[in-house]
Structures are given as C-alpha cells and as structure tokens.
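First the structure, in the form of structure tokens, and then the observations on it.
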Amino acid sequence: MIVFLDFDGVLITRRANLLPIPDTRVDKTARNVDKGAVEALNYLLNKLDDPKIVVSSTWRLSGIKSMKKYLADCGIKTEVIDITPICKMTRKRDLEINTWIENNKYDGDYIVIDDENYDLFNIPPDKFIHVERGWDNAGLTKEMVDNYFQWRQK
Ligand SMILES: [Mg+2]
C-alpha cells in the first residue's frame with residue numbers, strides 16, 4: 001500500500017509553527033511538525049498492509065534523501081521509497097501522482113493524504129483523505145483516519 005503524503009497542512013500546522021523553539025538543540029526541520037498529526041499518521045500506517053510512503057509535498061524539491069531524514073526525524077518509521085515527479089507545465093498534484101503510478105507500473109492500492117483538493121480531482125474519492133483546513137487546525141487526526149476507514153468499508 002502506497003501512501004502519497006503531503007506535509008503542509010497534514011503534518012505541519014500553524015499551531016506547531018507557533019510553538020517556542022526549545023533551548024535545547026533540536027532538529028530545525030522537524031520542529032514545525034504537529035506531534036498529534038505524526039501520531040495520527042503512524043496510527044494510519046499501522047492499519048495498512050506493508051505501507052510505503054511516496055512524498056507528494058512540494059518539500060520533495062529538496063530530494064528523496066532529505067525526505068527520508070525529515071520523516072525519520074518526525075518519528076515516522078515507515079519506509080519512504082520515492083517522491084512524485086515534478087510536472088512543470090501544470091504543477092497539478094493529481095497528474096504528478098498518476099504519472100508516478102504509470103511510470104512505476106504500480107497496480108496496487110494507495111491512499112493520497114492532502115489538505116488541499118483543488119488539484120486532486122483526478123484521484124478516486126475512496127483513495128483520498130482530505131485533511132480539510134489542516135493548517136488552521138491539527139493537521140491529520142485519528143478521527144479522520146477512523147472516518148476514512150469506516151467510509152471505505154461501506
Ligand atoms: Mg498541503
């Protein structure tokens with residue numbers, strides 16, 4: 001199971017950014033991440049069969065190696081296998097995700113997690129967790145994960 005993962009508004013929230021920077025030396029990259037959202041993502045990943053992460057966030061522009069380090073620093077143990085391609089002409093996230101699926105000839109199951117939906121119309125709704133207003137709230141929550149699985153079972 002592939003999880004296409006966005007960062008801003010999913011793991012990274014306004015409230016996490018407003019937290020004071022601790023005196024102790026911390027990894028600067030991971031400090032704007034919402035702890036509750038990380039817990040919710042791990043909660044989701046634990047429910048999935050052999051999950052792997054492909055980063056769809058624009059953060060991926062800094063490369064796969066830094067994505068692996070970033071998510072590991074956040075406390076996510078699931079393997080990050082790739083980033084989606086950059087489709088320069090359109091910058092549409094659904095196109096980037098579908099291009100990745102095509103390029104990799106992937107025919108397994110997947111879930112897309114994103115706080116925006118305007119550029120994700122071409123993702124089937126049963127494969128999409130929309131973290132609505134995630135930036136202003138708590139990012140991904142366990143409740144969203146539970147609601148998603150309940151809805152998918154119907
Ligand atoms: Mg986002």
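Within each chain, counting starts at residue 1; across the structure tokens, chains are named A, B, ... in the order shown, with ligands numbered 1 upward in that order.
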Neighbours of ligand 1 at 9 Å or closer, counting only C-alpha atoms and all ligand atoms: which residues, as a VMD selection string? chain A and resid 6 to 12 57 to 58 113 to 116 131 134 to 135
Please identify which residues in region 12-82 of chain A DSSP calls strand (DSSP E or B) from the backbone, and express them as a count of residues only. 9
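The smallest atom-to-atom distance between Thr13 (chain A) and any of A:Ala138, A:Val145, A:Cys74, A:Val112, using only C-alpha atoms, is found for A:Ala138.
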So which residues touch Ile86 (chain A) within 10 Å, counting only C-alpha atoms, skipping near sequence neighbours fewer than 6 positions away, as a PyMOL selection string? chain A and resi 56+58+60-61+92-93+95-97+99-100
Tell me, which residues of chain A carry DSSP helix (DSSP H, G or I), written as an mmCIF file with N, CA and C atoms, in the first residue's frame?
data_model
loop_
_atom_site.group_PDB
_atom_site.id
_atom_site.type_symbol
_atom_site.label_atom_id
_atom_site.label_comp_id
_atom_site.auth_asym_id
_atom_site.auth_seq_id
_atom_site.Cartn_x
_atom_site.Cartn_y
_atom_site.Cartn_z
ATOM 1 N N ARG A 14 -0.122 25.406 11.645
ATOM 2 C CA ARG A 14 0.187 26.741 12.162
ATOM 3 C C ARG A 14 0.550 26.670 13.638
ATOM 4 N N ARG A 15 -0.261 25.924 14.396
ATOM 5 C CA ARG A 15 -0.023 25.895 15.846
ATOM 6 C C ARG A 15 1.343 25.296 16.193
ATOM 7 N N ALA A 16 1.790 24.320 15.372
ATOM 8 C CA ALA A 16 3.108 23.738 15.634
ATOM 9 C C ALA A 16 4.202 24.766 15.332
ATOM 10 N N ASN A 17 3.953 25.606 14.318
ATOM 11 C CA ASN A 17 4.921 26.647 13.974
ATOM 12 C C ASN A 17 5.003 27.751 15.009
ATOM 13 N N LEU A 18 3.925 27.897 15.795
ATOM 14 C CA LEU A 18 3.898 28.973 16.785
ATOM 15 C C LEU A 18 4.536 28.564 18.115
ATOM 16 N N LYS A 28 16.000 21.408 13.402
ATOM 17 C CA LYS A 28 15.141 22.523 12.972
ATOM 18 C C LYS A 28 14.062 22.076 11.995
ATOM 19 N N THR A 29 14.387 21.082 11.167
ATOM 20 C CA THR A 29 13.408 20.681 10.156
ATOM 21 C C THR A 29 12.171 20.069 10.786
ATOM 22 N N ALA A 30 12.363 19.326 11.864
ATOM 23 C CA ALA A 30 11.243 18.569 12.416
ATOM 24 C C ALA A 30 10.436 19.353 13.450
ATOM 25 N N ARG A 31 10.868 20.556 13.803
ATOM 26 C CA ARG A 31 10.188 21.202 14.926
ATOM 27 C C ARG A 31 8.848 21.857 14.557
ATOM 28 N N ASN A 32 8.582 22.060 13.256
ATOM 29 C CA ASN A 32 7.296 22.644 12.869
ATOM 30 C C ASN A 32 6.225 21.585 12.605
ATOM 31 N N LYS A 35 2.820 17.172 16.613
ATOM 32 C CA LYS A 35 3.001 15.834 17.215
ATOM 33 C C LYS A 35 1.748 14.969 17.077
ATOM 34 N N GLY A 36 0.590 15.590 17.238
ATOM 35 C CA GLY A 36 -0.674 14.855 17.122
ATOM 36 C C GLY A 36 -0.863 14.303 15.712
ATOM 37 N N ALA A 37 -0.447 15.083 14.728
ATOM 38 C CA ALA A 37 -0.592 14.656 13.331
ATOM 39 C C ALA A 37 0.360 13.492 13.026
ATOM 40 N N VAL A 38 1.549 13.548 13.602
ATOM 41 C CA VAL A 38 2.502 12.446 13.426
ATOM 42 C C VAL A 38 1.918 11.170 14.030
ATOM 43 N N GLU A 39 1.328 11.306 15.220
ATOM 44 C CA GLU A 39 0.673 10.150 15.862
ATOM 45 C C GLU A 39 -0.434 9.600 14.974
ATOM 46 N N ALA A 40 -1.233 10.498 14.414
ATOM 47 C CA ALA A 40 -2.344 10.071 13.554
ATOM 48 C C ALA A 40 -1.818 9.369 12.303
ATOM 49 N N LEU A 41 -0.709 9.868 11.743
ATOM 50 C CA LEU A 41 -0.152 9.226 10.555
ATOM 51 C C LEU A 41 0.374 7.831 10.908
ATOM 52 N N ASN A 42 1.064 7.726 12.033
ATOM 53 C CA ASN A 42 1.547 6.403 12.458
ATOM 54 C C ASN A 42 0.382 5.454 12.730
ATOM 55 N N TYR A 43 -0.680 5.996 13.280
ATOM 56 C CA TYR A 43 -1.906 5.228 13.543
ATOM 57 C C TYR A 43 -2.467 4.684 12.224
ATOM 58 N N LEU A 44 -2.486 5.523 11.216
ATOM 59 C CA LEU A 44 -2.945 5.092 9.884
ATOM 60 C C LEU A 44 -2.012 4.025 9.307
ATOM 61 N N LEU A 45 -0.711 4.319 9.343
ATOM 62 C CA LEU A 45 0.269 3.414 8.732
ATOM 63 C C LEU A 45 0.223 2.034 9.377
ATOM 64 N N ASN A 46 -0.029 2.006 10.686
ATOM 65 C CA ASN A 46 -0.125 0.720 11.395
ATOM 66 C C ASN A 46 -1.320 -0.102 10.963
ATOM 67 N N LYS A 47 -2.319 0.536 10.407
ATOM 68 C CA LYS A 47 -3.522 -0.178 9.955
ATOM 69 C C LYS A 47 -3.351 -0.746 8.544
ATOM 70 N N THR A 58 5.455 19.649 -1.917
ATOM 71 C CA THR A 58 6.486 20.426 -2.638
ATOM 72 C C THR A 58 7.826 20.400 -1.887
ATOM 73 N N TRP A 59 7.806 19.993 -0.647
ATOM 74 C CA TRP A 59 9.061 19.811 0.112
ATOM 75 C C TRP A 59 9.989 18.825 -0.590
ATOM 76 N N ARG A 60 9.425 17.982 -1.436
ATOM 77 C CA ARG A 60 10.228 16.951 -2.107
ATOM 78 C C ARG A 60 11.275 17.551 -3.044
ATOM 79 N N LEU A 61 11.133 18.845 -3.355
ATOM 80 C CA LEU A 61 12.120 19.504 -4.209
ATOM 81 C C LEU A 61 13.514 19.439 -3.596
ATOM 82 N N SER A 62 13.579 19.232 -2.271
ATOM 83 C CA SER A 62 14.907 19.110 -1.653
ATOM 84 C C SER A 62 15.451 17.678 -1.719
ATOM 85 N N ILE A 64 14.956 13.142 -2.280
ATOM 86 C CA ILE A 64 14.493 11.944 -1.574
ATOM 87 C C ILE A 64 15.255 11.733 -0.261
ATOM 88 N N LYS A 65 16.568 12.004 -0.294
ATOM 89 C CA LYS A 65 17.386 11.755 0.890
ATOM 90 C C LYS A 65 16.916 12.622 2.061
ATOM 91 N N SER A 66 16.650 13.874 1.763
ATOM 92 C CA SER A 66 16.221 14.774 2.824
ATOM 93 C C SER A 66 14.784 14.451 3.281
ATOM 94 N N MET A 67 13.961 13.920 2.382
ATOM 95 C CA MET A 67 12.601 13.489 2.773
ATOM 96 C C MET A 67 12.665 12.318 3.760
ATOM 97 N N LYS A 68 13.582 11.387 3.468
ATOM 98 C CA LYS A 68 13.747 10.230 4.359
ATOM 99 C C LYS A 68 14.177 10.687 5.748
ATOM 100 N N LYS A 69 15.131 11.607 5.770
ATOM 101 C CA LYS A 69 15.644 12.096 7.053
ATOM 102 C C LYS A 69 14.560 12.875 7.789
ATOM 103 N N TYR A 70 13.866 13.705 7.049
ATOM 104 C CA TYR A 70 12.823 14.545 7.649
ATOM 105 C C TYR A 70 11.757 13.698 8.347
ATOM 106 N N LEU A 71 11.235 12.704 7.635
ATOM 107 C CA LEU A 71 10.162 11.899 8.219
ATOM 108 C C LEU A 71 10.684 11.013 9.353
ATOM 109 N N ALA A 72 11.913 10.553 9.220
ATOM 110 C CA ALA A 72 12.503 9.770 10.318
ATOM 111 C C ALA A 72 12.653 10.663 11.552
ATOM 112 N N ASP A 73 13.115 11.903 11.360
ATOM 113 C CA ASP A 73 13.258 12.852 12.476
ATOM 114 C C ASP A 73 11.909 13.158 13.121
ATOM 115 N N CYS A 74 10.841 13.097 12.330
ATOM 116 C CA CYS A 74 9.495 13.347 12.858
ATOM 117 C C CYS A 74 8.990 12.172 13.691
ATOM 118 N N ARG A 93 -1.137 18.220 -8.745
ATOM 119 C CA ARG A 93 -0.703 17.113 -7.897
ATOM 120 C C ARG A 93 -1.293 15.771 -8.333
ATOM 121 N N ASP A 94 -2.540 15.790 -8.803
ATOM 122 C CA ASP A 94 -3.114 14.504 -9.239
ATOM 123 C C ASP A 94 -2.367 13.956 -10.462
ATOM 124 N N LEU A 95 -1.950 14.875 -11.343
ATOM 125 C CA LEU A 95 -1.180 14.458 -12.513
ATOM 126 C C LEU A 95 0.166 13.875 -12.073
ATOM 127 N N GLU A 96 0.788 14.526 -11.093
ATOM 128 C CA GLU A 96 2.091 14.047 -10.603
ATOM 129 C C GLU A 96 1.961 12.659 -9.986
ATOM 130 N N ILE A 97 0.885 12.466 -9.207
ATOM 131 C CA ILE A 97 0.653 11.162 -8.569
ATOM 132 C C ILE A 97 0.343 10.103 -9.625
ATOM 133 N N ASN A 98 -0.533 10.440 -10.557
ATOM 134 C CA ASN A 98 -0.889 9.472 -11.599
ATOM 135 C C ASN A 98 0.291 9.170 -12.522
ATOM 136 N N THR A 99 1.153 10.153 -12.727
ATOM 137 C CA THR A 99 2.372 9.914 -13.516
ATOM 138 C C THR A 99 3.295 8.952 -12.779
ATOM 139 N N TRP A 100 3.405 9.137 -11.466
ATOM 140 C CA TRP A 100 4.243 8.208 -10.675
ATOM 141 C C TRP A 100 3.698 6.782 -10.801
ATOM 142 N N ILE A 101 2.372 6.635 -10.670
ATOM 143 C CA ILE A 101 1.738 5.317 -10.743
ATOM 144 C C ILE A 101 2.020 4.667 -12.104
ATOM 145 N N GLU A 102 1.900 5.476 -13.146
ATOM 146 C CA GLU A 102 2.131 4.993 -14.505
ATOM 147 C C GLU A 102 3.599 4.627 -14.738
ATOM 148 N N ASN A 103 4.494 5.542 -14.355
ATOM 149 C CA ASN A 103 5.933 5.312 -14.559
ATOM 150 C C ASN A 103 6.415 4.061 -13.839
ATOM 151 N N PRO A 125 -12.238 9.261 -5.016
ATOM 152 C CA PRO A 125 -12.553 9.715 -3.660
ATOM 153 C C PRO A 125 -12.297 8.661 -2.577
ATOM 154 N N ASP A 126 -12.393 7.381 -2.948
ATOM 155 C CA ASP A 126 -12.139 6.343 -1.931
ATOM 156 C C ASP A 126 -10.650 6.133 -1.675
ATOM 157 N N LYS A 127 -9.810 6.884 -2.389
ATOM 158 C CA LYS A 127 -8.364 6.784 -2.158
ATOM 159 C C LYS A 127 -7.807 8.102 -1.630
ATOM 160 N N LYS A 142 -6.597 11.296 14.212
ATOM 161 C CA LYS A 142 -7.039 9.899 14.278
ATOM 162 C C LYS A 142 -8.505 9.784 13.874
ATOM 163 N N GLU A 143 -9.271 10.797 14.207
ATOM 164 C CA GLU A 143 -10.689 10.802 13.860
ATOM 165 C C GLU A 143 -10.870 10.747 12.330
ATOM 166 N N MET A 144 -10.057 11.518 11.611
ATOM 167 C CA MET A 144 -10.123 11.497 10.138
ATOM 168 C C MET A 144 -9.777 10.112 9.613
ATOM 169 N N VAL A 145 -8.779 9.498 10.235
ATOM 170 C CA VAL A 145 -8.351 8.160 9.808
ATOM 171 C C VAL A 145 -9.496 7.169 10.042
ATOM 172 N N ASP A 146 -10.095 7.215 11.227
ATOM 173 C CA ASP A 146 -11.217 6.314 11.543
ATOM 174 C C ASP A 146 -12.385 6.538 10.596
ATOM 175 N N ASN A 147 -12.714 7.799 10.360
ATOM 176 C CA ASN A 147 -13.825 8.122 9.455
ATOM 177 C C ASN A 147 -13.556 7.582 8.058
ATOM 178 N N TYR A 148 -12.305 7.706 7.620
ATOM 179 C CA TYR A 148 -11.941 7.241 6.287
ATOM 180 C C TYR A 148 -12.159 5.732 6.166
ATOM 181 N N PHE A 149 -11.668 4.973 7.146
ATOM 182 C CA PHE A 149 -11.795 3.516 7.068
ATOM 183 C C PHE A 149 -13.255 3.081 7.194
ATOM 184 N N GLN A 150 -13.996 3.762 8.019
ATOM 185 C CA GLN A 150 -15.421 3.448 8.165
ATOM 186 C C GLN A 150 -16.147 3.650 6.841
ATOM 187 N N TRP A 151 -15.815 4.775 6.198
ATOM 188 C CA TRP A 151 -16.460 5.127 4.943
ATOM 189 C C TRP A 151 -16.062 4.158 3.833
ATOM 190 N N ARG A 152 -14.793 3.756 3.816
ATOM 191 C CA ARG A 152 -14.289 2.862 2.775
ATOM 192 C C ARG A 152 -14.886 1.465 2.886
ATOM 193 N N GLN A 153 -15.259 1.073 4.111
ATOM 194 C CA GLN A 153 -15.841 -0.254 4.321
ATOM 195 C C GLN A 153 -17.255 -0.363 3.793
#
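Nearest residue to Leu5 (chain A) among A:Leu120, A:Val55, A:Ile111, A:Ile81 is A:Val55, counting only C-alpha atoms.
Rounded to one decimal, CA of Ile76 (chain A) and CA of Gly63 (chain A) lie 17.5 Å from each other.
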Measure the distance from CA of Cys87 (chain A) to CA of Gly75 (chain A) in Å and round it to one decimal. 29.5 Å
Tell me, as a PyMOL selection string, which residues lie within 7 Å of Thr78 (chain A), counting only C-alpha atoms; anything in the same chain fewer than 4 positions away does not count. chain A and resi 51-53
Go ahead and write the selection's residues with N, CA and C atoms as a PDB file, in the first residue's frame.
ATOM      1  N   PRO A  51       2.836  -0.763   4.308  1.00  0.00           N
ATOM      2  CA  PRO A  51       2.795   0.614   3.792  1.00  0.00           C
ATOM      3  C   PRO A  51       4.167   1.137   3.376  1.00  0.00           C
ATOM      4  N   LYS A  52       4.176   1.961   2.338  1.00  0.00           N
ATOM      5  CA  LYS A  52       5.385   2.674   1.882  1.00  0.00           C
ATOM      6  C   LYS A  52       4.947   4.100   1.569  1.00  0.00           C
ATOM      7  N   ILE A  53       5.841   5.035   1.830  1.00  0.00           N
ATOM      8  CA  ILE A  53       5.493   6.441   1.601  1.00  0.00           C
ATOM      9  C   ILE A  53       6.151   6.958   0.320  1.00  0.00           C
TER      10      ILE A  53
END
